[in-house]
>>> print(open('data.cif').read())   # mmCIF, C-alpha atoms
data_start
#
loop_
_atom_site.group_PDB
_atom_site.id
_atom_site.type_symbol
_atom_site.label_atom_id
_atom_site.label_comp_id
_atom_site.auth_asym_id
_atom_site.auth_seq_id
_atom_site.Cartn_x
_atom_site.Cartn_y
_atom_site.Cartn_z
ATOM 1 C CA MET A 9 -76.872 -6.227 -18.938
ATOM 2 C CA PRO A 10 -79.231 -4.887 -16.265
ATOM 3 C CA ASP A 11 -81.731 -2.133 -17.051
ATOM 4 C CA GLU A 12 -79.559 0.303 -15.067
ATOM 5 C CA ALA A 13 -76.849 -0.211 -17.689
ATOM 6 C CA ARG A 14 -78.877 1.445 -20.457
ATOM 7 C CA PRO A 15 -76.802 4.299 -21.964
ATOM 8 C CA ASP A 16 -79.321 6.953 -20.902
ATOM 9 C CA ARG A 17 -79.124 5.727 -17.311
ATOM 10 C CA CYS A 18 -75.477 4.793 -16.832
ATOM 11 C CA GLY A 19 -73.666 7.177 -19.181
ATOM 12 C CA LEU A 20 -71.912 4.394 -21.080
ATOM 13 C CA LEU A 21 -72.401 3.053 -24.575
ATOM 14 C CA VAL A 22 -71.526 -0.631 -24.970
ATOM 15 C CA SER A 23 -71.149 -2.015 -28.487
ATOM 16 C CA VAL A 24 -69.606 -4.879 -30.402
ATOM 17 C CA ASN A 25 -67.009 -3.576 -32.826
ATOM 18 C CA PHE A 26 -65.738 -5.161 -36.055
ATOM 19 C CA GLU A 27 -62.601 -3.692 -37.696
ATOM 20 C CA ARG A 28 -61.717 -4.638 -41.269
ATOM 21 C CA GLU A 29 -58.097 -3.563 -40.818
ATOM 22 C CA PRO A 30 -57.306 -3.880 -37.104
ATOM 23 C CA ARG A 31 -54.039 -2.435 -35.786
ATOM 24 C CA ASN A 32 -53.688 -5.525 -33.600
ATOM 25 C CA CYS A 33 -55.508 -8.820 -33.067
ATOM 26 C CA PHE A 34 -57.573 -7.393 -30.195
ATOM 27 C CA GLU A 35 -59.263 -4.812 -32.444
ATOM 28 C CA GLY A 36 -60.678 -7.268 -35.025
ATOM 29 C CA VAL A 37 -63.757 -8.192 -33.011
ATOM 30 C CA SER A 38 -64.157 -6.573 -29.626
ATOM 31 C CA ILE A 39 -66.518 -5.060 -27.118
ATOM 32 C CA ASN A 40 -66.181 -1.299 -26.792
ATOM 33 C CA VAL A 41 -67.360 0.648 -23.781
ATOM 34 C CA ARG A 42 -67.455 4.406 -24.327
ATOM 35 C CA LYS A 43 -68.114 6.973 -21.627
ATOM 36 C CA LEU A 44 -70.674 9.447 -22.906
ATOM 37 C CA SER A 45 -69.934 13.161 -22.686
ATOM 38 C CA GLY A 46 -70.958 14.616 -19.337
ATOM 39 C CA SER A 47 -71.330 11.194 -17.745
ATOM 40 C CA ASP A 48 -70.197 10.488 -14.190
ATOM 41 C CA ALA A 49 -69.925 6.739 -14.903
ATOM 42 C CA ILE A 50 -66.309 6.582 -13.745
ATOM 43 C CA GLU A 51 -66.888 8.510 -10.530
ATOM 44 C CA SER A 52 -70.108 6.641 -9.703
ATOM 45 C CA GLY A 53 -68.466 3.246 -10.189
ATOM 46 C CA MET A 54 -70.822 2.250 -13.012
ATOM 47 C CA ALA A 55 -67.924 1.992 -15.492
ATOM 48 C CA GLY A 56 -66.125 -0.448 -13.188
ATOM 49 C CA THR A 57 -69.264 -2.519 -12.704
ATOM 50 C CA VAL A 58 -69.966 -2.742 -16.439
ATOM 51 C CA LEU A 59 -66.331 -3.481 -17.309
ATOM 52 C CA ASP A 60 -66.107 -6.191 -14.629
ATOM 53 C CA SER A 61 -69.172 -7.904 -16.094
ATOM 54 C CA LEU A 62 -67.717 -7.835 -19.620
ATOM 55 C CA CYS A 63 -64.133 -8.865 -18.811
ATOM 56 C CA GLU A 64 -64.868 -12.482 -17.992
ATOM 57 C CA GLY A 65 -65.069 -14.003 -21.468
ATOM 58 C CA LEU A 66 -62.698 -14.505 -24.349
ATOM 59 C CA VAL A 67 -63.591 -11.257 -26.121
ATOM 60 C CA PRO A 68 -61.302 -8.231 -25.974
ATOM 61 C CA VAL A 69 -62.814 -5.266 -24.107
ATOM 62 C CA TRP A 70 -61.797 -1.673 -24.823
ATOM 63 C CA PHE A 71 -62.757 1.414 -22.808
ATOM 64 C CA SER A 72 -62.763 4.987 -24.054
ATOM 65 C CA ASP A 73 -63.151 7.942 -21.745
ATOM 66 C CA GLY A 74 -63.434 10.338 -24.679
ATOM 67 C CA SER A 75 -59.743 11.174 -24.866
ATOM 68 C CA LYS A 76 -58.062 7.777 -25.133
ATOM 69 C CA LYS A 77 -58.905 4.156 -25.894
ATOM 70 C CA MET A 78 -57.556 1.540 -23.464
ATOM 71 C CA LEU A 79 -57.520 -2.260 -23.651
ATOM 72 C CA MET A 80 -59.101 -3.538 -20.430
ATOM 73 C CA HIS A 81 -59.240 -7.275 -21.219
ATOM 74 C CA PRO A 82 -57.053 -9.248 -21.528
ATOM 75 C CA ASP A 83 -54.629 -7.633 -19.102
ATOM 76 C CA ASN A 84 -51.569 -5.796 -20.419
ATOM 77 C CA GLU A 85 -49.037 -8.591 -19.917
ATOM 78 C CA VAL A 86 -51.198 -11.208 -21.651
ATOM 79 C CA ALA A 87 -51.961 -8.794 -24.511
ATOM 80 C CA ARG A 88 -48.275 -7.963 -24.952
ATOM 81 C CA LEU A 89 -47.336 -11.645 -25.131
ATOM 82 C CA VAL A 90 -50.146 -12.495 -27.560
ATOM 83 C CA ILE A 91 -49.221 -9.634 -29.897
ATOM 84 C CA SER A 92 -45.447 -10.086 -29.708
ATOM 85 C CA GLY A 93 -45.449 -13.857 -30.044
ATOM 86 C CA ASP A 94 -42.884 -14.038 -27.224
ATOM 87 C CA PRO A 95 -42.937 -17.192 -25.078
ATOM 88 C CA ALA A 96 -45.232 -16.861 -22.079
ATOM 89 C CA PRO A 97 -44.028 -17.579 -18.549
ATOM 90 C CA PRO A 98 -45.516 -20.738 -17.020
ATOM 91 C CA HIS A 99 -48.202 -18.915 -14.995
ATOM 92 C CA LEU A 100 -49.581 -17.213 -18.150
ATOM 93 C CA ARG A 101 -48.900 -19.930 -20.744
ATOM 94 C CA GLU A 102 -52.405 -21.423 -20.839
ATOM 95 C CA GLU A 103 -54.189 -18.063 -21.019
ATOM 96 C CA VAL A 104 -51.852 -16.697 -23.711
ATOM 97 C CA THR A 105 -52.232 -19.890 -25.760
ATOM 98 C CA ILE A 106 -56.033 -19.659 -25.644
ATOM 99 C CA TRP A 107 -56.050 -15.994 -26.736
ATOM 100 C CA ARG A 108 -53.591 -16.752 -29.546
ATOM 101 C CA LYS A 109 -55.724 -19.622 -30.855
ATOM 102 C CA HIS A 110 -58.864 -17.479 -30.907
ATOM 103 C CA TYR A 111 -57.390 -14.279 -32.322
ATOM 104 C CA ASP A 112 -54.575 -15.486 -34.593
ATOM 105 C CA VAL A 113 -56.834 -14.817 -37.592
ATOM 106 C CA PHE A 114 -56.462 -11.072 -36.886
ATOM 107 C CA SER A 115 -52.653 -11.130 -36.604
ATOM 108 C CA HIS A 116 -50.553 -9.516 -39.304
ATOM 109 C CA GLY A 117 -47.722 -12.039 -39.055
#
>>> encode(input="data.cif", output="structure tokens")
Amino acid sequence: MPDEARPDRCGLLVSVNFEREPRNCFEGVSINVRKLSGSDAIESGMAGTVLDSLCEGLVPVWFSDGSKKMLMHPDNEVARLVISGDPAPPHLREEVTIWRKHYDVFSHG
């Protein structure tokens, strides 16, 4: 992360989170980005820049704006398929399979 991404400069706190009892497989081990109170990180575009840089790997990324927590990576359709166990359409099959292999340990099935 660049120096500009320090919490005191960008208004975001980025952390790695470990949940003992995750509600879903994407909460077991994840990166959490939290907007700090009074921050203009969303309006300034800093939140988008930081999230874009974190959403490239095979680690779930969550964002909290202070009122709600949202899964940003993987995208909603991939996440739904991974969690549900439903068959993935051909264009998502490889990505869903990879996420399932890596995060199956956190599934409650």
>>> resolve_selection(input="data.cif", expression="the PyMOL selection byres ((chain A and resi 53-55) around 9)", output="number ranges by chain")
A: 13, 18-20, 41, 43, 48-52, 56-60, 71
>>> resolve_selection(input="data.cif", expression="the PyMOL selection byres ((chain A and resi 92-106) around 12)", output="PyMOL selection string")
chain A and resi 32-33+65-67+81-91+107-112+115-117
>>> atom_distance(input="data.cif", atom1="CA of Ser45 in chain A", atom2="CA of Cys63 in chain A")
23.1 Å
>>> atom_distance(input="data.cif", atom1="CA of Arg14 in chain A", atom2="CA of Leu44 in chain A")
11.7 Å
>>> atom_distance(input="data.cif", atom1="CA of Arg31 in chain A", atom2="CA of Met80 in chain A")
16.2 Å
>>> residues_around(input="data.cif", residues="Val37 in chain A", least_positions_apart="5", cutoff="10 Å", atoms="all atoms listed in the file", output="list of chain:residue names")
A:Val24, A:Asn25, A:Phe26, A:Glu27, A:Arg28, A:Pro30, A:Val67, A:Pro68, A:Val69, A:Tyr111, A:Phe114
>>> closest_residue(input="data.cif", among="A:Leu21, A:Leu79, A:Leu62, A:Val113", to="Arg42 in chain A", atoms="all atoms listed in the file")
A:Leu21
>>> closest_residue(input="data.cif", among="A:Ser23, A:Asp16, A:Ile39, A:Phe34", to="Glu64 in chain A", atoms="all atoms listed in the file")
A:Ile39
